[in-house]
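Engineer: The structure that follows is given in the form of structure tokens.
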Amino acid sequence: MKKQLIYSSLTALIIYLLLCGPNYASEQKAMELNRKLAEISSLQQGLSQKIALVMQKQEQLRQKAEEFEKEIKLEKAQLQTESYLKAIRNPRIEFNLKLIQLLFGYMSGLTEKISHFQHGYETLDFFQQQVRDDLLMIKTLNDMEIDNLLAQINSVLDEFIPELSKPTFDVNDLPSKDTEQIWNEIIQPQKVKG
């Protein structure tokens, strides 16, 4: 009778583990994927805010460059000069050209960062959809592997989370446009669109 009780207890335990074990594993995977969804959403929100901030700063720099261009045109008209070499003898024009040169470099750096952040956002969108698909599949396939997906997501999270707290770009790595080229672009007559 004791042996029969032990066998029936072991049989019940084995049946329980066979039926409930995969469900437990599936629940753990679902919880992990839901955590990743929350991390993705949080990072996407941070990237959206950073993109909006960078675009706002870029617009401010563009407006400032336009102000300096207007000052150059006013000085050019007062000096009645078309020559770059004569124009840069005027300290105001030379200084404004250098400021515009610097602003163009900053705007270029910001454009690259916006593109980088948007790429990250789109990558996270892709993974977010993949996680949602996997969550639906977990309900039907108990032994589905998610390790590869989690590793890919972690890689993107590890790349972009630190980006949210560091400076947008390094001023030493910015491209620089020649001031003579800037001068020529400013003094060119504006073409009227027909």
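Identifiers for the structure tokens are assigned positionally: chains receive A, B, ... in sequence, residues are indexed from 1 per chain, and ligands are indexed from 1 in the order shown.
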What's the 8 Å shell around Leu102 in chain A, counting only C-alpha atoms, without same-chain residues fewer than 4 positions away, as a list in words?

Structural biologist: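 The neighbour list is Lys98, Tyr106 and Ser176 of chain A.
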
Engineer: Just C-alpha atoms for this one: save the residues we selected as a short mmCIF file (atom, residue, chain, number, x, y, z; two decimals), in the first residue's frame.

Structural biologist:
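What ended up in result.cif:
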```cif
data_model
loop_
_atom_site.label_atom_id
_atom_site.label_comp_id
_atom_site.auth_asym_id
_atom_site.auth_seq_id
_atom_site.Cartn_x
_atom_site.Cartn_y
_atom_site.Cartn_z
CA LYS A 98 33.42 82.60 -39.15
CA TYR A 106 26.96 72.51 -35.63
CA SER A 176 33.74 72.97 -41.75
#
```

Engineer: Can you pull out the residues contacting Glu67 in chain A? Cut-off 10 Å, using only C-alpha atoms, and skip same-chain residues under 5 positions away; I want them as a VMD selection string.

Structural biologist: chain A and resid 61 to 62 72 to 73 96 100

Engineer: Restricting the calculation to only C-alpha atoms, which member of A:Val156, A:Ile161, A:Ala151, A:Leu110 is positioned closest to Leu124 in chain A?

Structural biologist: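 The shortest atom-to-atom distance to Leu124 in chain A comes from A:Val156.
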
Engineer: Quick one: everything within 8 Å of Ile114 in chain A, counting only C-alpha atoms, minus sequence neighbours fewer than 4 positions away in the same chain. Send it as a list in words.

Structural biologist: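 Contacts, in chain order: Ile51, Val54, Met55, Leu110 and Gln118 of chain A.
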
Engineer: With distances taken over only C-alpha atoms, which residue among A:Gln58, A:Thr179, A:Gln44, A:Asn34 lies nearest Glu112 in chain A?

Structural biologist: A:Gln58

Engineer: For a test of reading the model, state the distance in Å between CA of Lys177 in chain A and CA of Gly105 in chain A, rounded to one decimal.

Structural biologist: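 If I compute the distance from CA of Lys177 in chain A to CA of Gly105 in chain A, I get 7.4 Å.
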
Engineer: Excluding Phe160 in chain A and any residue of its chain fewer than 4 positions from it, enumerate the residues within 12 Å of it, using only C-alpha atoms, and give them as a list in words.

Structural biologist: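 The filter keeps Glu39, Ile40, Ser42, Leu43, Gln44, Gln45, Gly46, Leu47, Ser48, Lys50, Lys113, His116, Phe117, Gln118, His119, Gly120, Tyr121, Thr123, Leu124, Ile153, Asn154, Ser155, Val156, Leu164, Ser165, Lys166 and Thr168 of chain A.
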
Engineer: From the list A:Leu149, A:Leu79, A:Ile182, A:Leu85, which residue is nearest Val131 in chain A when using only C-alpha atoms?

Structural biologist: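 Result for the nearest residue to Val131 in chain A: A:Leu149.
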
Engineer: Write out as a ChimeraX atom specification which residues come within 8 Å of range 28-33 of chain A when counting only C-alpha atoms, dropping same-chain ones fewer than 5 positions away.

Structural biologist: /A:131,135,138,146,150

Engineer: Could you please determine the separation between CA of Arg92 in chain A and CA of Leu74 in chain A in Å, to one decimal place?

Structural biologist: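 These atoms are spaced 10.7 Å apart.
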
Engineer: From the list A:Ala38, A:Met137, A:Ala87, A:Leu157, which residue is nearest Trp183 in chain A when using only C-alpha atoms?

Structural biologist: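 Of A:Ala38, A:Met137, A:Ala87, A:Leu157, the one nearest Trp183 in chain A, counting only C-alpha atoms, is A:Ala87.
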
Engineer: With a distance cut-off of 9 Å and only C-alpha atoms, select the neighbouring residues of Leu99 in chain A, excluding the residue or stretch itself and same-chain residues fewer than 5 positions from it, and output the selection as a list in words.

Structural biologist: Ala65, Phe68, Glu94 and Phe104 of chain A

Engineer: According to DSSP computed on the backbone, where in range 71-154 of chain A is there helix (DSSP H, G or I)? Give the residues as an MDAnalysis selection string.

Structural biologist: chainID A and resid 71:79 84:87 91:138 147:154

Engineer: Distance CA of Glu66 in chain A-CA of Ala52 in chain A, one decimal place?

Structural biologist: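 Separating CA of Glu66 in chain A from CA of Ala52 in chain A is a distance of 21.2 Å.
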
Engineer: Rank A:Ser83, A:Gln78, A:Gln63, A:Ser26 by their smallest atom-to-atom distance to Asn184 in chain A, using only C-alpha atoms, and report the top residue only.

Structural biologist: A:Ser83
